[in-house]
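Chemist: Here it is, the structure in full.
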Amino acid sequence: MDNSHQTAAVPAAGEAVVDGTDTFDLKVLMSACIHLARRGGFIIADEHRKGRLDAHNKKSTGDTRAIAEMAADEVLTVADGRAQDAIITSLRSMFPNLRIVGEEGDVPGEEVASKWSDVSLIEHPFDVPSHLQESLTAADVCLWVDPLDGTKEFVMGNLASVSVLIGIALRDRPVAGVILQPFVGDDGGEVTYGAIDVGVFHNGDRVDFETKCPSGTVIAMSGKHKNDGGRLSIAVGRLDPTPQLLPLNACGNKMLRVIRGEASAHLQGPGASRWDTCAGEALLMALGGVVTSLDGLPYQYTQGTCYDNANGFIASRTPELHSRLLEALLLHPGL
């Protein structure tokens with residue numbers, strides 16, 4: 001470990017992170033989030049191996065439809081609940097004053113909290129500017145957790161679409177995030193993480209924005225929108241030259257394709273929520289990208305308010321492309 005770049009140390013086992021100013025060290029917080037995303041991923045993989053997913057409609061008791069017929073935000077499995085319980089129970093133990101919003105609501109606390117001895121501090125340079133570090137107070141920081149993004153894809157066996165999302169918001173706007181793909185790469189999955197004014201990293205290697213961009217314009221969007229005559233397909237058809245469409249499912253999966261340079265932008269209609277986008281929005285902004293609603297307005301990540309991204313969103317690699325997409329969308333504002 002290159003100690004010259006360490007500005008923080010992992011607390012001793014059993015020690016909660018709290019000081020007189022209730023300020024969180026971002027490197028320590030990110031290290032804990034990476035560990036807990038991995039732990040959530042192991043739980044998800046374990047439940048998949050067991051094959052007892054108990055998939056059901058969390059919004060409608062007694063729904064007998066096949067999972068394929070349900071909306072993506074309706075499906076829940078035992079893996080969602082266990083992963084969120086482990087992540088949030090551990091975060092509350094490590095950071096007692098930390099505010100957290102989880103997709104699946106309150107957790108039962110049945111999963112054993114991770115210990116600080118389980119957490120490895122980020123080893124590579126992760127230099128947090130003082131203006132950011134000094135802003136990370138308990139009053140201003142809130143974590144947004146989606147323990148299993150792509151639950152419907154998980155049940156249907158499209159495992160590469162599954163991710164664990166942990167986003168960090170500062171004063172109601174995304175500032176850092178972790179995206180873990182439990183079924184991609186080696187055992188334990190692949191992790192992409194970072195923060196605004198710090199950088200973005202994939203399995204410890206910095207993501208280079210200049211070299212990791214697709215040739216031409218590639219738009220990631222749900223396959224159901226392709227040629228459906230709706231606002232998104234009409235807007236894409238207005239672009240010149242015509243972009244390549246990359247049909248994908250699961251919000252985190254599509255956001256990650258833009259972050260990793262496999263797509264130029266992600267277009268999403270209504271349906272996603274703040275926990276789906278917080279991590280990805282922070283990482284994309286850290287690379288110079290832009291995320292807004294389809295009407296060009298930023299979403300606020302405010303605990304205790306409506307969490308729906310009711311006006312859809314655009315996530316673009318560059319401000320220039322974002323402006324072009326907004327112009328095309330605003331010519332046909334009705335969905």
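Starting from 1 in every chain, residues are counted up; chains themselves are A, B, ... following the order of the structure tokens, and ligands are numbered from 1 as listed.
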List the spatial neighbours of A:Arg99 as a PyMOL selection string - criterion: any atom at most 9 Å away, only C-alpha atoms, same-chain residues fewer than 6 positions off excluded.
Modeler: chain A and resi 92+138-144+303
Chemist: Could those selected residues go to a file with N, CA, C and O atoms, as a compact mmCIF listing (two decimals), in the first residue's frame?
Modeler:
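Printed below is out28.txt as written:
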```
# COMPACT_ATOMS: atom_id res chain seq x y z
N ARG A 92 -25.07 1.62 9.41
CA ARG A 92 -25.55 2.23 10.66
C ARG A 92 -24.63 1.91 11.83
O ARG A 92 -24.47 2.71 12.75
N ALA A 138 -22.60 15.35 8.75
CA ALA A 138 -23.74 14.46 8.94
C ALA A 138 -25.04 15.12 8.50
O ALA A 138 -25.96 14.45 8.04
N ALA A 139 -25.10 16.44 8.63
CA ALA A 139 -26.33 17.14 8.24
C ALA A 139 -26.52 17.19 6.73
O ALA A 139 -27.64 17.28 6.24
N ASP A 140 -25.40 17.10 5.98
CA ASP A 140 -25.47 17.34 4.54
C ASP A 140 -25.28 16.09 3.68
O ASP A 140 -25.43 16.16 2.47
N VAL A 141 -24.94 14.96 4.28
CA VAL A 141 -24.67 13.74 3.51
C VAL A 141 -25.83 12.75 3.67
O VAL A 141 -26.36 12.56 4.77
N CYS A 142 -26.21 12.13 2.56
CA CYS A 142 -27.23 11.07 2.59
C CYS A 142 -26.85 10.01 1.57
O CYS A 142 -26.47 10.34 0.43
N LEU A 143 -26.91 8.74 1.96
CA LEU A 143 -26.62 7.64 1.05
C LEU A 143 -27.90 7.07 0.46
O LEU A 143 -28.91 6.95 1.16
N TRP A 144 -27.85 6.72 -0.83
CA TRP A 144 -28.97 6.15 -1.56
C TRP A 144 -28.58 4.75 -2.02
O TRP A 144 -27.64 4.59 -2.79
N GLN A 303 -34.00 13.50 1.18
CA GLN A 303 -34.64 12.47 1.99
C GLN A 303 -36.01 12.94 2.46
O GLN A 303 -36.20 14.08 2.87
```
Chemist: Taking only C-alpha atoms into account, produce a table as CSV in which each residue of stretch 218-254 of chain A with an atom at most 10 Å from an atom of stretch 150-169 of chain A appears once, together with its shortest atom pair and the distance in Å to one decimal, ordered by chain and rising number.
Modeler:
```
residue,atom,partner,partner_atom,distance
A:Leu248,CA,A:Ser161,CA,8.1
A:Asn249,CA,A:Ser161,CA,6.8
A:Ala250,CA,A:Gly150,CA,4.6
A:Cys251,CA,A:Gly150,CA,7.3
A:Gly252,CA,A:Ser163,CA,6.5
A:Asn253,CA,A:Ser161,CA,5.4
A:Lys254,CA,A:Ser161,CA,8.4
```
Chemist: Could you pull the residues within 12 Å of A:Leu29, counting only C-alpha atoms, minus those fewer than 4 positions along the same chain, as a PyMOL selection string?
Modeler: chain A and resi 8-11+16-18+23-25+33-36+90-92+94-95+98+116+119-122+128+133+136+141-143+166-168+176-178+193-195
Chemist: Find the residues around stretch 306-313 of chain A up to 8 Å (only C-alpha atoms counted), leave out those fewer than 3 positions away in its own chain, and share them as a PyMOL selection string.
Modeler: chain A and resi 267-275+291-295+299+301
Chemist: Can you pull out every residue within 12 Å of A:Val198, counting only C-alpha atoms, but drop anything in the same chain fewer than 5 positions away, and send it as JSON, numbers by chain?
Modeler: {"A": [26, 27, 30, 124, 125, 126, 127, 128, 129, 130, 131, 132, 133, 175, 176, 177, 193, 206, 207, 282, 283, 285, 286, 287, 288]}
Chemist: Output as a PyMOL selection string all residues of stretch 25-250 of chain A that backbone DSSP marks as strand (DSSP E).
Modeler: chain A and resi 56-57+75-76+99-102+141-149+163-170+173-181+190-195+199-202+205-206+218-221+244-247
Chemist: Using only C-alpha atoms, pick whichever of A:Leu246, A:Leu239, A:Ala71, A:Leu76 has the shortest atom-to-atom distance to A:Pro214.
Modeler: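 Closest candidate: A:Leu246.
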Chemist: Using only C-alpha atoms, which of the listed residues (A:Leu297, A:Ala279, A:Leu170, A:Ile43) sits closest to A:Asp146?
Modeler: A:Ala279
Chemist: Which residues are close to A:Pro243, i.e. within 12 Å by only C-alpha atoms, leaving aside same-chain residues fewer than 6 positions away? Reply as a PDB file with N, CA, C and O atoms, in the first residue's frame.
Modeler:
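Generated output (out.pdb):
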```
ATOM      1  N   PRO A 214     -17.100   5.763 -27.176  1.00  0.00           N
ATOM      2  CA  PRO A 214     -17.446   4.990 -28.377  1.00  0.00           C
ATOM      3  C   PRO A 214     -17.204   5.806 -29.632  1.00  0.00           C
ATOM      4  O   PRO A 214     -17.230   7.040 -29.612  1.00  0.00           O
ATOM      5  N   SER A 215     -16.957   5.112 -30.735  1.00  0.00           N
ATOM      6  CA  SER A 215     -16.863   5.796 -32.020  1.00  0.00           C
ATOM      7  C   SER A 215     -18.288   6.004 -32.529  1.00  0.00           C
ATOM      8  O   SER A 215     -19.086   5.078 -32.576  1.00  0.00           O
ATOM      9  N   GLY A 216     -18.625   7.221 -32.881  1.00  0.00           N
ATOM     10  CA  GLY A 216     -19.999   7.526 -33.244  1.00  0.00           C
ATOM     11  C   GLY A 216     -20.854   7.708 -32.005  1.00  0.00           C
ATOM     12  O   GLY A 216     -20.360   7.671 -30.878  1.00  0.00           O
ATOM     13  N   THR A 217     -22.134   7.908 -32.215  1.00  0.00           N
ATOM     14  CA  THR A 217     -23.068   8.106 -31.104  1.00  0.00           C
ATOM     15  C   THR A 217     -23.826   6.816 -30.843  1.00  0.00           C
ATOM     16  O   THR A 217     -24.475   6.276 -31.732  1.00  0.00           O
ATOM     17  N   VAL A 218     -23.722   6.335 -29.618  1.00  0.00           N
ATOM     18  CA  VAL A 218     -24.387   5.096 -29.209  1.00  0.00           C
ATOM     19  C   VAL A 218     -25.326   5.432 -28.055  1.00  0.00           C
ATOM     20  O   VAL A 218     -24.888   5.946 -27.022  1.00  0.00           O
ATOM     21  N   ILE A 219     -26.609   5.161 -28.216  1.00  0.00           N
ATOM     22  CA  ILE A 219     -27.611   5.475 -27.206  1.00  0.00           C
ATOM     23  C   ILE A 219     -28.081   4.192 -26.535  1.00  0.00           C
ATOM     24  O   ILE A 219     -28.601   3.290 -27.196  1.00  0.00           O
ATOM     25  N   ALA A 220     -27.899   4.104 -25.229  1.00  0.00           N
ATOM     26  CA  ALA A 220     -28.412   2.972 -24.462  1.00  0.00           C
ATOM     27  C   ALA A 220     -29.824   3.298 -23.985  1.00  0.00           C
ATOM     28  O   ALA A 220     -30.052   4.352 -23.387  1.00  0.00           O
ATOM     29  N   MET A 221     -30.752   2.416 -24.265  1.00  0.00           N
ATOM     30  CA  MET A 221     -32.131   2.607 -23.817  1.00  0.00           C
ATOM     31  C   MET A 221     -32.849   1.269 -23.814  1.00  0.00           C
ATOM     32  O   MET A 221     -32.387   0.299 -24.428  1.00  0.00           O
ATOM     33  N   SER A 233     -38.053   7.511 -28.801  1.00  0.00           N
ATOM     34  CA  SER A 233     -37.699   7.023 -30.142  1.00  0.00           C
ATOM     35  C   SER A 233     -37.794   8.139 -31.177  1.00  0.00           C
ATOM     36  O   SER A 233     -36.989   8.204 -32.116  1.00  0.00           O
ATOM     37  N   ALA A 235     -37.251  11.356 -30.605  1.00  0.00           N
ATOM     38  CA  ALA A 235     -36.092  12.225 -30.389  1.00  0.00           C
ATOM     39  C   ALA A 235     -34.834  11.619 -30.994  1.00  0.00           C
ATOM     40  O   ALA A 235     -34.048  12.308 -31.656  1.00  0.00           O
ATOM     41  N   VAL A 236     -34.638  10.327 -30.778  1.00  0.00           N
ATOM     42  CA  VAL A 236     -33.459   9.663 -31.340  1.00  0.00           C
ATOM     43  C   VAL A 236     -33.491   9.735 -32.862  1.00  0.00           C
ATOM     44  O   VAL A 236     -32.468   9.949 -33.522  1.00  0.00           O
ATOM     45  N   GLY A 237     -34.671   9.581 -33.449  1.00  0.00           N
ATOM     46  CA  GLY A 237     -34.807   9.647 -34.903  1.00  0.00           C
ATOM     47  C   GLY A 237     -34.500  11.017 -35.476  1.00  0.00           C
ATOM     48  O   GLY A 237     -34.211  11.136 -36.674  1.00  0.00           O
ATOM     49  N   ALA A 263     -21.235   3.453 -24.292  1.00  0.00           N
ATOM     50  CA  ALA A 263     -22.359   4.186 -24.870  1.00  0.00           C
ATOM     51  C   ALA A 263     -22.108   5.674 -24.679  1.00  0.00           C
ATOM     52  O   ALA A 263     -21.379   6.088 -23.770  1.00  0.00           O
ATOM     53  N   SER A 264     -22.721   6.475 -25.549  1.00  0.00           N
ATOM     54  CA  SER A 264     -22.559   7.933 -25.474  1.00  0.00           C
ATOM     55  C   SER A 264     -23.560   8.556 -24.517  1.00  0.00           C
ATOM     56  O   SER A 264     -23.294   9.608 -23.925  1.00  0.00           O
ATOM     57  N   ALA A 265     -24.729   7.937 -24.397  1.00  0.00           N
ATOM     58  CA  ALA A 265     -25.791   8.474 -23.556  1.00  0.00           C
ATOM     59  C   ALA A 265     -26.774   7.371 -23.213  1.00  0.00           C
ATOM     60  O   ALA A 265     -26.827   6.322 -23.860  1.00  0.00           O
ATOM     61  N   HIS A 266     -27.560   7.634 -22.190  1.00  0.00           N
ATOM     62  CA  HIS A 266     -28.632   6.738 -21.765  1.00  0.00           C
ATOM     63  C   HIS A 266     -29.905   7.554 -21.687  1.00  0.00           C
ATOM     64  O   HIS A 266     -29.958   8.580 -20.981  1.00  0.00           O
ATOM     65  N   LEU A 321     -23.401  16.620 -26.436  1.00  0.00           N
ATOM     66  CA  LEU A 321     -24.396  15.615 -26.795  1.00  0.00           C
ATOM     67  C   LEU A 321     -25.663  15.812 -25.972  1.00  0.00           C
ATOM     68  O   LEU A 321     -26.779  15.660 -26.484  1.00  0.00           O
ATOM     69  N   ARG A 324     -27.795  18.398 -27.570  1.00  0.00           N
ATOM     70  CA  ARG A 324     -28.452  17.901 -28.780  1.00  0.00           C
ATOM     71  C   ARG A 324     -29.651  17.029 -28.444  1.00  0.00           C
ATOM     72  O   ARG A 324     -30.707  17.125 -29.070  1.00  0.00           O
ATOM     73  N   LEU A 325     -29.494  16.168 -27.435  1.00  0.00           N
ATOM     74  CA  LEU A 325     -30.586  15.289 -27.045  1.00  0.00           C
ATOM     75  C   LEU A 325     -31.747  16.082 -26.447  1.00  0.00           C
ATOM     76  O   LEU A 325     -32.917  15.814 -26.737  1.00  0.00           O
TER      77      LEU A 325
END
```
Chemist: If you measure from atom CA of A:Ser31 to atom CA of A:Asp118, what distance in Å do you get, rounded to one decimal?
Modeler: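 Computed distance, atom CA of A:Ser31 to atom CA of A:Asp118, equals 10.5 Å.
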Chemist: How would you write, as a VMD selection string, the set of residues in stretch 63-310 of chain A that DSSP gives as alpha helix (DSSP H)?
Modeler: chain A and resid 78 to 94 130 to 133 151 to 156 231 to 238 251 to 259 274 to 286
Chemist: Could you pull the residues within 9 Å of A:Thr77, counting only C-alpha atoms, minus those fewer than 5 positions along the same chain, as an MDAnalysis selection string?
Modeler: chainID A and resid 52:58 151 155
Chemist: For N, CA, C and O atoms, I'd like the residues from the last selection saved as an mmCIF file, in the first residue's frame.
Modeler:
```cif
data_model
loop_
_atom_site.group_PDB
_atom_site.id
_atom_site.type_symbol
_atom_site.label_atom_id
_atom_site.label_comp_id
_atom_site.auth_asym_id
_atom_site.auth_seq_id
_atom_site.Cartn_x
_atom_site.Cartn_y
_atom_site.Cartn_z
ATOM 1 N N ARG A 52 -33.675 -20.278 -4.606
ATOM 2 C CA ARG A 52 -34.931 -20.014 -3.892
ATOM 3 C C ARG A 52 -35.116 -18.494 -3.799
ATOM 4 O O ARG A 52 -34.886 -17.880 -2.761
ATOM 5 N N LEU A 53 -35.554 -17.897 -4.897
ATOM 6 C CA LEU A 53 -35.574 -16.438 -4.968
ATOM 7 C C LEU A 53 -36.841 -15.835 -4.358
ATOM 8 O O LEU A 53 -36.838 -14.665 -3.983
ATOM 9 N N ASP A 54 -37.917 -16.606 -4.274
ATOM 10 C CA ASP A 54 -39.191 -16.096 -3.751
ATOM 11 C C ASP A 54 -39.588 -14.808 -4.464
ATOM 12 O O ASP A 54 -39.969 -13.805 -3.841
ATOM 13 N N ALA A 55 -39.510 -14.800 -5.788
ATOM 14 C CA ALA A 55 -39.826 -13.605 -6.565
ATOM 15 C C ALA A 55 -41.324 -13.330 -6.534
ATOM 16 O O ALA A 55 -42.137 -14.235 -6.728
ATOM 17 N N HIS A 56 -41.669 -12.054 -6.292
ATOM 18 C CA HIS A 56 -43.079 -11.677 -6.218
ATOM 19 C C HIS A 56 -43.224 -10.192 -6.499
ATOM 20 O O HIS A 56 -42.242 -9.458 -6.593
ATOM 21 N N ASN A 57 -44.467 -9.741 -6.622
ATOM 22 C CA ASN A 57 -44.766 -8.336 -6.847
ATOM 23 C C ASN A 57 -44.845 -7.641 -5.493
ATOM 24 O O ASN A 57 -45.758 -7.889 -4.708
ATOM 25 N N LYS A 58 -43.899 -6.759 -5.218
ATOM 26 C CA LYS A 58 -43.860 -6.106 -3.917
ATOM 27 C C LYS A 58 -44.932 -5.031 -3.764
ATOM 28 O O LYS A 58 -45.187 -4.553 -2.661
ATOM 29 N N THR A 151 -33.683 -6.347 -10.635
ATOM 30 C CA THR A 151 -34.249 -7.549 -10.015
ATOM 31 C C THR A 151 -34.977 -8.429 -11.035
ATOM 32 O O THR A 151 -34.848 -9.657 -11.021
ATOM 33 N N VAL A 155 -34.109 -12.387 -11.907
ATOM 34 C CA VAL A 155 -35.020 -13.525 -11.882
ATOM 35 C C VAL A 155 -35.055 -14.228 -13.234
ATOM 36 O O VAL A 155 -35.135 -15.465 -13.309
#
```
